[in-house]
Every structure is written in C-alpha cells, then in structure tokens.
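Have a look at coords00.cif below; it lists mmCIF, C-alpha atoms.
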```cif
data_run
loop_
_atom_site.label_atom_id
_atom_site.label_comp_id
_atom_site.auth_asym_id
_atom_site.auth_seq_id
_atom_site.Cartn_x
_atom_site.Cartn_y
_atom_site.Cartn_z
CA MET A 15 -17.27 7.96 -15.23
CA ALA A 16 -15.07 11.04 -15.53
CA VAL A 17 -15.85 13.82 -13.07
CA THR A 18 -14.56 17.37 -13.42
CA TYR A 19 -12.89 19.19 -10.57
CA GLU A 20 -15.86 21.57 -10.23
CA GLU A 21 -18.35 18.68 -10.12
CA ILE A 22 -16.66 17.30 -7.00
CA PHE A 23 -18.04 20.21 -4.97
CA GLU A 24 -21.51 19.75 -6.40
CA HIS A 25 -21.35 16.09 -5.40
CA ASN A 26 -20.29 17.16 -1.93
CA LYS A 27 -23.32 19.43 -1.58
CA ARG A 28 -25.63 16.60 -2.59
CA TRP A 29 -23.89 14.24 -0.17
CA VAL A 30 -24.37 16.73 2.67
CA ALA A 31 -28.03 17.28 1.78
CA GLU A 32 -28.72 13.55 1.60
CA HIS A 33 -27.24 12.91 5.03
CA LEU A 34 -29.02 15.85 6.61
CA ALA A 35 -32.30 14.68 5.13
CA GLU A 36 -31.82 11.32 6.86
CA ASP A 37 -30.45 12.73 10.12
CA ALA A 38 -30.40 16.45 10.92
CA ASP A 39 -27.70 15.82 13.54
CA PHE A 40 -25.48 13.68 11.32
CA PHE A 41 -22.57 16.12 11.13
CA ALA A 42 -22.90 17.22 14.74
CA LYS A 43 -22.42 13.57 15.69
CA LEU A 44 -19.62 13.14 13.16
CA ALA A 45 -17.74 16.10 14.65
CA GLN A 46 -17.57 14.41 18.04
CA ASP A 47 -14.47 12.36 18.98
CA GLN A 48 -14.08 9.19 16.94
CA THR A 49 -14.42 5.89 18.75
CA PRO A 50 -14.00 3.24 16.04
CA ASP A 51 -13.69 -0.43 16.91
CA TYR A 52 -11.90 -1.19 13.65
CA PHE A 53 -8.53 -0.17 12.24
CA TYR A 54 -8.24 -0.99 8.54
CA ILE A 55 -4.91 -1.24 6.72
CA GLY A 56 -5.61 -1.50 3.02
CA CYS A 57 -4.37 -0.79 -0.48
CA SER A 58 -4.48 2.71 -1.96
CA ASP A 59 -6.33 1.34 -5.01
CA SER A 60 -9.20 3.71 -5.81
CA ARG A 61 -11.59 0.79 -6.38
CA VAL A 62 -11.48 -0.36 -2.75
CA PRO A 63 -13.21 2.19 -0.44
CA ALA A 64 -12.63 0.95 3.09
CA ASN A 65 -15.75 1.83 5.08
CA GLU A 66 -18.09 1.22 2.12
CA ILE A 67 -17.00 -2.38 1.47
CA MET A 68 -17.40 -2.99 5.22
CA GLY A 69 -20.88 -1.46 5.25
CA LEU A 70 -19.79 1.09 7.84
CA GLU A 71 -20.39 4.81 8.19
CA PRO A 72 -17.81 7.59 8.52
CA GLY A 73 -16.39 7.43 12.04
CA ASP A 74 -16.75 3.65 12.34
CA VAL A 75 -13.33 2.67 10.98
CA PHE A 76 -9.87 4.22 11.28
CA VAL A 77 -8.03 3.81 7.98
CA HIS A 78 -4.48 3.62 6.66
CA ARG A 79 -3.82 2.87 3.01
CA ASN A 80 -0.70 2.44 0.89
CA VAL A 81 0.43 0.60 -2.24
CA ALA A 82 -0.25 -3.13 -1.72
CA ASN A 83 -1.32 -2.76 1.94
CA LEU A 84 2.19 -3.17 3.38
CA VAL A 85 3.13 -2.94 7.05
CA ASN A 86 6.77 -1.94 6.81
CA ASN A 87 8.52 -1.45 10.14
CA VAL A 88 10.53 1.53 8.82
CA ASP A 89 7.43 3.27 7.46
CA LEU A 90 6.69 5.88 10.12
CA ASN A 91 3.27 6.52 8.60
CA VAL A 92 1.86 3.03 9.14
CA MET A 93 3.71 2.61 12.44
CA SER A 94 2.24 5.89 13.72
CA CYS A 95 -1.24 4.82 12.63
CA ILE A 96 -0.90 1.47 14.42
CA ASN A 97 0.23 3.15 17.61
CA TYR A 98 -2.55 5.75 17.47
CA ALA A 99 -5.23 3.17 16.67
CA VAL A 100 -4.14 0.81 19.44
CA ASN A 101 -2.95 3.15 22.20
CA VAL A 102 -5.29 6.11 21.75
CA LEU A 103 -8.40 4.88 19.93
CA LYS A 104 -8.29 1.47 21.67
CA VAL A 105 -9.56 -0.38 18.60
CA LYS A 106 -10.75 -3.92 19.12
CA HIS A 107 -9.86 -5.21 15.67
CA VAL A 108 -6.99 -4.56 13.25
CA VAL A 109 -7.75 -5.63 9.69
CA VAL A 110 -5.17 -6.01 6.93
CA CYS A 111 -7.14 -6.09 3.68
CA GLY A 112 -5.64 -6.87 0.30
CA HIS A 113 -7.50 -7.31 -2.97
CA TYR A 114 -7.32 -9.57 -5.97
CA GLY A 115 -6.07 -7.70 -9.01
CA CYS A 116 -3.61 -5.65 -6.94
CA GLY A 117 -1.24 -3.73 -9.22
CA GLY A 118 1.47 -3.58 -6.57
CA VAL A 119 1.53 -7.34 -6.12
CA GLN A 120 1.46 -7.86 -9.87
CA ALA A 121 4.38 -5.44 -10.35
CA ALA A 122 6.39 -7.27 -7.72
CA MET A 123 6.01 -10.50 -9.71
CA GLN A 124 7.72 -8.95 -12.74
CA PRO A 125 11.53 -9.05 -13.20
CA LYS A 126 11.57 -5.36 -14.00
CA ASP A 127 13.22 -2.22 -12.66
CA MET A 128 10.39 -0.12 -11.17
CA GLY A 129 12.52 2.83 -10.11
CA ILE A 130 11.56 4.40 -6.79
CA LEU A 131 9.06 1.58 -6.26
CA ASN A 132 11.86 -1.03 -6.09
CA PRO A 133 12.48 -0.86 -2.31
CA TRP A 134 8.74 -0.79 -1.60
CA LEU A 135 7.91 -3.72 -3.85
CA ARG A 136 10.84 -5.69 -2.47
CA ASN A 137 8.68 -6.34 0.59
CA ILE A 138 6.28 -8.28 -1.63
CA ARG A 139 9.14 -10.05 -3.38
CA ASP A 140 10.32 -11.10 0.06
CA VAL A 141 6.88 -12.64 0.66
CA TYR A 142 7.33 -14.55 -2.60
CA ARG A 143 10.75 -15.75 -1.43
CA LEU A 144 9.34 -16.96 1.89
CA HIS A 145 6.62 -18.96 0.11
CA ARG A 146 8.51 -19.79 -3.07
CA GLU A 147 7.87 -23.54 -3.02
CA GLU A 148 4.11 -23.17 -2.63
CA LEU A 149 3.84 -20.45 -5.27
CA ASN A 150 6.10 -22.13 -7.82
CA ALA A 151 3.96 -25.26 -7.56
CA ILE A 152 0.97 -23.28 -8.90
CA THR A 153 1.07 -23.49 -12.71
CA ASP A 154 -1.88 -21.17 -13.36
CA GLU A 155 -0.41 -17.64 -13.31
CA HIS A 156 -3.73 -16.08 -12.30
CA LYS A 157 -4.12 -18.43 -9.35
CA LYS A 158 -0.48 -17.86 -8.37
CA TYR A 159 -1.10 -14.11 -8.43
CA ASP A 160 -4.22 -14.47 -6.26
CA ARG A 161 -2.36 -16.70 -3.81
CA LEU A 162 0.47 -14.16 -3.49
CA VAL A 163 -2.15 -11.53 -2.67
CA GLU A 164 -3.38 -13.76 0.17
CA LEU A 165 0.11 -14.59 1.42
CA ASN A 166 1.07 -10.92 1.36
CA VAL A 167 -1.90 -10.15 3.60
CA GLU A 168 -0.87 -12.93 5.97
CA GLU A 169 2.71 -11.65 6.20
CA GLN A 170 1.52 -8.10 6.83
CA CYS A 171 -0.64 -9.45 9.66
CA PHE A 172 2.54 -10.92 11.12
CA ASN A 173 4.14 -7.49 10.83
CA VAL A 174 1.27 -5.91 12.75
CA ILE A 175 1.58 -8.53 15.48
CA LYS A 176 5.32 -7.86 15.75
CA THR A 177 4.67 -4.33 17.03
CA VAL A 178 4.97 -3.61 20.73
CA ALA A 179 1.73 -1.61 20.68
CA VAL A 180 -0.32 -4.64 19.64
CA GLN A 181 1.57 -7.04 21.89
CA ARG A 182 1.27 -4.82 24.97
CA SER A 183 -2.40 -4.02 24.41
CA TYR A 184 -3.31 -7.67 23.91
CA ILE A 185 -1.52 -8.66 27.11
CA GLU A 186 -3.31 -5.95 29.09
CA ASN A 187 -6.73 -5.90 27.41
CA ARG A 188 -7.05 -9.04 25.24
CA PHE A 189 -7.48 -6.78 22.23
CA PRO A 190 -6.95 -5.90 19.44
CA VAL A 191 -7.32 -9.08 17.45
CA VAL A 192 -5.64 -9.02 14.03
CA HIS A 193 -7.51 -10.23 10.94
CA GLY A 194 -6.56 -10.82 7.30
CA TRP A 195 -9.05 -10.17 4.50
CA VAL A 196 -9.05 -10.07 0.71
CA PHE A 197 -11.56 -8.07 -1.33
CA ASP A 198 -12.67 -9.55 -4.66
CA LEU A 199 -13.18 -6.76 -7.19
CA ASN A 200 -15.13 -9.08 -9.49
CA THR A 201 -17.80 -9.93 -6.94
CA GLY A 202 -17.57 -7.23 -4.25
CA VAL A 203 -17.20 -9.98 -1.63
CA LEU A 204 -14.82 -9.80 1.33
CA LYS A 205 -12.94 -13.05 2.04
CA ASP A 206 -11.85 -13.68 5.62
CA LEU A 207 -8.57 -15.59 5.45
CA GLN A 208 -9.24 -16.92 8.96
CA ILE A 209 -5.71 -16.28 10.13
CA ASP A 210 -4.80 -17.87 13.45
CA PHE A 211 -4.09 -14.78 15.55
CA GLU A 212 -3.28 -16.68 18.74
CA GLY A 213 -1.11 -19.08 16.78
CA MET A 214 0.76 -16.20 15.18
CA LEU A 215 1.45 -14.69 18.59
CA LYS A 216 2.95 -17.97 19.72
CA ARG A 217 5.04 -18.31 16.56
CA ILE A 218 6.70 -14.90 17.02
CA GLN A 219 7.51 -15.30 20.72
CA GLU A 220 11.10 -16.45 20.37
CA ILE A 221 12.26 -13.60 18.14
CA TYR A 222 9.69 -10.81 18.10
CA ASP A 223 8.38 -10.66 21.68
CA LEU A 224 9.09 -7.04 22.65
CA THR A 225 7.45 -7.29 26.07
CA GLY A 226 9.03 -10.37 27.61
CA GLU A 227 5.53 -11.46 28.58
CA LEU A 228 3.87 -13.00 25.53
CA GLN A 229 4.64 -16.56 26.54
CA HIS A 230 2.56 -16.09 29.68
CA HIS A 231 -0.48 -14.71 27.85
CA THR A 232 -0.91 -16.84 24.73
#
```
Would you kindly transcribe this structure into structure tokens?
Amino acid sequence: MAVTYEEIFEHNKRWVAEHLAEDADFFAKLAQDQTPDYFYIGCSDSRVPANEIMGLEPGDVFVHRNVANLVNNVDLNVMSCINYAVNVLKVKHVVVCGHYGCGGVQAAMQPKDMGILNPWLRNIRDVYRLHREELNAITDEHKKYDRLVELNVEEQCFNVIKTVAVQRSYIENRFPVVHGWVFDLNTGVLKDLQIDFEGMLKRIQEIYDLTGELQHHT
C-alpha cells in the first residue's frame, strides 16, 4: 500500500495515541537508557522489521542492518555497532538474521557487473566459493539459493565471533552467545539454524584468537 509523505506523520500520531492509550508512561519509559539483551544484525530489506518479527517492543533489541546482513571486518559501521552492543550495552545474545528471497544473495549468484555493489557482494560470492561443492551439488536453483542464504548467515556468525569484543566478553562474562537465524517471508516464521557457537569458538582459535586465551575458556 502506497503511503504519501504527509500520511507518515498522521500514522505517527496514531501510533503515539495507541501506545499512550495502553500505557500513559510508555514514552517516559522509552526515553530511559536502553538495556536490550539482544543485538540483531539483519538485512536492510524493508519486509523484515527486526523487533516486530521477534515479537519485541522498541528498546528490547539493538539493531544493525545492511544489504544481505554482512559482517565485514572493514565496515566501520557494523564493527562499531558490535563493539557498542557488546562493551557498552552488554547484550547477552548476538543474532545474525538473513531471509529467504534476499536480493543481495540473489545478485551475488549472477555473473553480472553490479557496479558499486561489486565489492560488497563479493563477500557473498566468497561464501559460495567456500561452500562450492555443497552448493553445486544442489540441482534445484531455488533450493541452492535458500541454502546460500543459510550459509551466508553462518559465515557472518563466524565473522562476529572473530571480533575481539565478542571473544573478550565471552571469556570474562560467558556472554554474548552468537546465533544464526533465517526469516521466511512466505510464512513469517523464524528458523534457528542451531549454529554451534562453542564449536565455532574452538574452530577459530588457531588463526582468529585475538586474546590468547580462548583455548582456556572453550
């Protein structure tokens, strides 16, 4: 449904009124410091609203979104968000959430020059390269596409775990735990990929341990 620019502000007034009708102190509470337990790294796709698909209210989840939910170590935006979420907000869970039907993942599967998107999408093409044998064995293009979405989430979870902020916090506090999810646009259902967080920590020790202490705490 198309909405005009002016209608946005009318919607905002209704949204305010609805929340005040339910709780007169809603915005007074919202204005207090945020203390979310969850940090969500998701896709910028407009069809995937983070806190709504999680059934959470404003203030319950700290959010970072970009094209195809990538955790790129040279992206200061996502790296800053990870550090803030872990070191300042002390989140207990970091969630990387992809979604089936992701345009970024689909674009990365095409042998096509995407201009400025090329270096960004190369991160997804690298995921394809890492899992080429598994993906090439899938003859159904739709299923291959869905599987690449899942594998991309898994690799981005690895990238989160590679950060010193997550490693150091887990050693000291036993949190955050990193999770990988996929949202199904056709059903509205969140799929937990059940990634092995402890196993991932062990697998990165030799190369990506930035603390020198992971082997004693996993």
For the structure shown, which residues end up in the PyMOL selection byres ((chain A and resi 139) around 10)? Put them as a CSV table (one decimal) with C-alpha atoms, keeping the file's coordinate frame, please?
```csv
chain,number,residue,atom,x,y,z
A,119,VAL,CA,1.5,-7.3,-6.1
A,121,ALA,CA,4.4,-5.4,-10.4
A,122,ALA,CA,6.4,-7.3,-7.7
A,123,MET,CA,6.0,-10.5,-9.7
A,124,GLN,CA,7.7,-9.0,-12.7
A,132,ASN,CA,11.9,-1.0,-6.1
A,133,PRO,CA,12.5,-0.9,-2.3
A,134,TRP,CA,8.7,-0.8,-1.6
A,135,LEU,CA,7.9,-3.7,-3.8
A,136,ARG,CA,10.8,-5.7,-2.5
A,137,ASN,CA,8.7,-6.3,0.6
A,138,ILE,CA,6.3,-8.3,-1.6
A,140,ASP,CA,10.3,-11.1,0.1
A,141,VAL,CA,6.9,-12.6,0.7
A,142,TYR,CA,7.3,-14.6,-2.6
A,143,ARG,CA,10.8,-15.8,-1.4
A,144,LEU,CA,9.3,-17.0,1.9
A,145,HIS,CA,6.6,-19.0,0.1
A,146,ARG,CA,8.5,-19.8,-3.1
A,162,LEU,CA,0.5,-14.2,-3.5
A,166,ASN,CA,1.1,-10.9,1.4
```
Can you list, as a PyMOL selection string, the residues that the PyMOL selection byres ((chain A and resi 42-54) around 9) selects here?
chain A and resi 38-41+55-56+64-65+72-79+95-96+99-100+103-111+190
Using all atoms listed in the file, which residue out of A:Gln120, A:Asn91, A:Gln219, A:Ser58 lies closest to Val178 of chain A?
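For Val178 of chain A, the nearest of the candidates is A:Gln219.
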Coordinates-based distance that separates atom CA of Ile209 of chain A from atom CA of Glu168 of chain A (Å, one decimal)
7.2 Å
Atom CA of Val192 of chain A and atom CA of Asn101 of chain A, how far apart in Å?
14.9 Å
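For the atom pair formed by atom CA of Lys205 of chain A and atom CA of Gly117 of chain A, the distance is 18.7 Å, given to one decimal.
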Pull out every residue that the PyMOL selection byres ((chain A and resi 62) around 10) matches in the shown coordinates and put them as a PyMOL selection string.
chain A and resi 56-61+63-67+111-113+197-199+202
Assuming the input is short of atoms at segment 154-187 of chain A, produce N, CA and C atoms for that part as a PDB file, in the coordinates of the input.
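Below you can see part-v7.pdb, which holds the result:
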```
ATOM      1  N   ASP A 154      -0.990 -22.197 -12.831  1.00  0.00           N
ATOM      2  CA  ASP A 154      -1.880 -21.170 -13.360  1.00  0.00           C
ATOM      3  C   ASP A 154      -1.410 -19.804 -12.827  1.00  0.00           C
ATOM      4  N   GLU A 155      -0.962 -18.934 -13.722  1.00  0.00           N
ATOM      5  CA  GLU A 155      -0.410 -17.640 -13.310  1.00  0.00           C
ATOM      6  C   GLU A 155      -1.434 -16.788 -12.568  1.00  0.00           C
ATOM      7  N   HIS A 156      -2.693 -16.858 -12.968  1.00  0.00           N
ATOM      8  CA  HIS A 156      -3.730 -16.080 -12.300  1.00  0.00           C
ATOM      9  C   HIS A 156      -3.921 -16.553 -10.867  1.00  0.00           C
ATOM     10  N   LYS A 157      -3.959 -17.874 -10.688  1.00  0.00           N
ATOM     11  CA  LYS A 157      -4.120 -18.430  -9.350  1.00  0.00           C
ATOM     12  C   LYS A 157      -2.889 -18.147  -8.479  1.00  0.00           C
ATOM     13  N   LYS A 158      -1.713 -18.177  -9.099  1.00  0.00           N
ATOM     14  CA  LYS A 158      -0.480 -17.860  -8.370  1.00  0.00           C
ATOM     15  C   LYS A 158      -0.520 -16.409  -7.882  1.00  0.00           C
ATOM     16  N   TYR A 159      -0.954 -15.520  -8.749  1.00  0.00           N
ATOM     17  CA  TYR A 159      -1.100 -14.110  -8.430  1.00  0.00           C
ATOM     18  C   TYR A 159      -2.066 -13.914  -7.272  1.00  0.00           C
ATOM     19  N   ASP A 160      -3.230 -14.573  -7.335  1.00  0.00           N
ATOM     20  CA  ASP A 160      -4.220 -14.470  -6.260  1.00  0.00           C
ATOM     21  C   ASP A 160      -3.664 -15.005  -4.941  1.00  0.00           C
ATOM     22  N   ARG A 161      -2.912 -16.108  -5.039  1.00  0.00           N
ATOM     23  CA  ARG A 161      -2.360 -16.700  -3.810  1.00  0.00           C
ATOM     24  C   ARG A 161      -1.309 -15.782  -3.194  1.00  0.00           C
ATOM     25  N   LEU A 162      -0.519 -15.105  -4.021  1.00  0.00           N
ATOM     26  CA  LEU A 162       0.470 -14.160  -3.490  1.00  0.00           C
ATOM     27  C   LEU A 162      -0.221 -12.991  -2.807  1.00  0.00           C
ATOM     28  N   VAL A 163      -1.354 -12.564  -3.341  1.00  0.00           N
ATOM     29  CA  VAL A 163      -2.150 -11.530  -2.670  1.00  0.00           C
ATOM     30  C   VAL A 163      -2.508 -11.980  -1.259  1.00  0.00           C
ATOM     31  N   GLU A 164      -2.981 -13.221  -1.140  1.00  0.00           N
ATOM     32  CA  GLU A 164      -3.380 -13.760   0.170  1.00  0.00           C
ATOM     33  C   GLU A 164      -2.175 -13.895   1.104  1.00  0.00           C
ATOM     34  N   LEU A 165      -1.074 -14.413   0.591  1.00  0.00           N
ATOM     35  CA  LEU A 165       0.110 -14.590   1.420  1.00  0.00           C
ATOM     36  C   LEU A 165       0.695 -13.255   1.856  1.00  0.00           C
ATOM     37  N   ASN A 166       0.596 -12.257   0.987  1.00  0.00           N
ATOM     38  CA  ASN A 166       1.070 -10.920   1.360  1.00  0.00           C
ATOM     39  C   ASN A 166       0.249 -10.371   2.526  1.00  0.00           C
ATOM     40  N   VAL A 167      -1.059 -10.576   2.493  1.00  0.00           N
ATOM     41  CA  VAL A 167      -1.900 -10.150   3.600  1.00  0.00           C
ATOM     42  C   VAL A 167      -1.481 -10.856   4.888  1.00  0.00           C
ATOM     43  N   GLU A 168      -1.259 -12.162   4.787  1.00  0.00           N
ATOM     44  CA  GLU A 168      -0.870 -12.930   5.970  1.00  0.00           C
ATOM     45  C   GLU A 168       0.444 -12.415   6.560  1.00  0.00           C
ATOM     46  N   GLU A 169       1.428 -12.139   5.707  1.00  0.00           N
ATOM     47  CA  GLU A 169       2.710 -11.650   6.200  1.00  0.00           C
ATOM     48  C   GLU A 169       2.591 -10.258   6.815  1.00  0.00           C
ATOM     49  N   GLN A 170       1.709  -9.426   6.254  1.00  0.00           N
ATOM     50  CA  GLN A 170       1.520  -8.100   6.830  1.00  0.00           C
ATOM     51  C   GLN A 170       0.811  -8.194   8.185  1.00  0.00           C
ATOM     52  N   CYS A 171      -0.050  -9.206   8.345  1.00  0.00           N
ATOM     53  CA  CYS A 171      -0.640  -9.450   9.660  1.00  0.00           C
ATOM     54  C   CYS A 171       0.438  -9.791  10.675  1.00  0.00           C
ATOM     55  N   PHE A 172       1.395 -10.618  10.259  1.00  0.00           N
ATOM     56  CA  PHE A 172       2.540 -10.920  11.120  1.00  0.00           C
ATOM     57  C   PHE A 172       3.251  -9.628  11.517  1.00  0.00           C
ATOM     58  N   ASN A 173       3.434  -8.733  10.554  1.00  0.00           N
ATOM     59  CA  ASN A 173       4.140  -7.490  10.830  1.00  0.00           C
ATOM     60  C   ASN A 173       3.388  -6.607  11.819  1.00  0.00           C
ATOM     61  N   VAL A 174       2.065  -6.638  11.762  1.00  0.00           N
ATOM     62  CA  VAL A 174       1.270  -5.910  12.750  1.00  0.00           C
ATOM     63  C   VAL A 174       1.485  -6.509  14.137  1.00  0.00           C
ATOM     64  N   ILE A 175       1.455  -7.832  14.202  1.00  0.00           N
ATOM     65  CA  ILE A 175       1.580  -8.530  15.480  1.00  0.00           C
ATOM     66  C   ILE A 175       2.970  -8.333  16.085  1.00  0.00           C
ATOM     67  N   LYS A 176       3.963  -8.085  15.254  1.00  0.00           N
ATOM     68  CA  LYS A 176       5.320  -7.860  15.750  1.00  0.00           C
ATOM     69  C   LYS A 176       5.481  -6.546  16.504  1.00  0.00           C
ATOM     70  N   THR A 177       4.524  -5.639  16.393  1.00  0.00           N
ATOM     71  CA  THR A 177       4.670  -4.330  17.030  1.00  0.00           C
ATOM     72  C   THR A 177       4.399  -4.400  18.523  1.00  0.00           C
ATOM     73  N   VAL A 178       5.129  -3.610  19.280  1.00  0.00           N
ATOM     74  CA  VAL A 178       4.970  -3.610  20.730  1.00  0.00           C
ATOM     75  C   VAL A 178       3.593  -3.084  21.129  1.00  0.00           C
ATOM     76  N   ALA A 179       3.045  -2.169  20.350  1.00  0.00           N
ATOM     77  CA  ALA A 179       1.730  -1.610  20.680  1.00  0.00           C
ATOM     78  C   ALA A 179       0.675  -2.710  20.715  1.00  0.00           C
ATOM     79  N   VAL A 180       0.660  -3.553  19.706  1.00  0.00           N
ATOM     80  CA  VAL A 180      -0.320  -4.640  19.640  1.00  0.00           C
ATOM     81  C   VAL A 180      -0.035  -5.681  20.713  1.00  0.00           C
ATOM     82  N   GLN A 181       1.221  -6.044  20.879  1.00  0.00           N
ATOM     83  CA  GLN A 181       1.570  -7.040  21.890  1.00  0.00           C
ATOM     84  C   GLN A 181       1.175  -6.567  23.293  1.00  0.00           C
ATOM     85  N   ARG A 182       1.547  -5.340  23.631  1.00  0.00           N
ATOM     86  CA  ARG A 182       1.270  -4.820  24.970  1.00  0.00           C
ATOM     87  C   ARG A 182      -0.231  -4.700  25.215  1.00  0.00           C
ATOM     88  N   SER A 183      -0.972  -4.183  24.235  1.00  0.00           N
ATOM     89  CA  SER A 183      -2.400  -4.020  24.410  1.00  0.00           C
ATOM     90  C   SER A 183      -3.095  -5.369  24.577  1.00  0.00           C
ATOM     91  N   TYR A 184      -2.651  -6.366  23.803  1.00  0.00           N
ATOM     92  CA  TYR A 184      -3.310  -7.670  23.910  1.00  0.00           C
ATOM     93  C   TYR A 184      -3.042  -8.307  25.263  1.00  0.00           C
ATOM     94  N   ILE A 185      -1.843  -8.128  25.786  1.00  0.00           N
ATOM     95  CA  ILE A 185      -1.520  -8.660  27.110  1.00  0.00           C
ATOM     96  C   ILE A 185      -2.401  -8.003  28.179  1.00  0.00           C
ATOM     97  N   GLU A 186      -2.578  -6.694  28.066  1.00  0.00           N
ATOM     98  CA  GLU A 186      -3.310  -5.950  29.090  1.00  0.00           C
ATOM     99  C   GLU A 186      -4.824  -6.013  28.921  1.00  0.00           C
ATOM    100  N   ASN A 187      -5.297  -6.056  27.667  1.00  0.00           N
ATOM    101  CA  ASN A 187      -6.730  -5.900  27.410  1.00  0.00           C
ATOM    102  C   ASN A 187      -7.385  -7.068  26.676  1.00  0.00           C
TER     103      ASN A 187
END
```
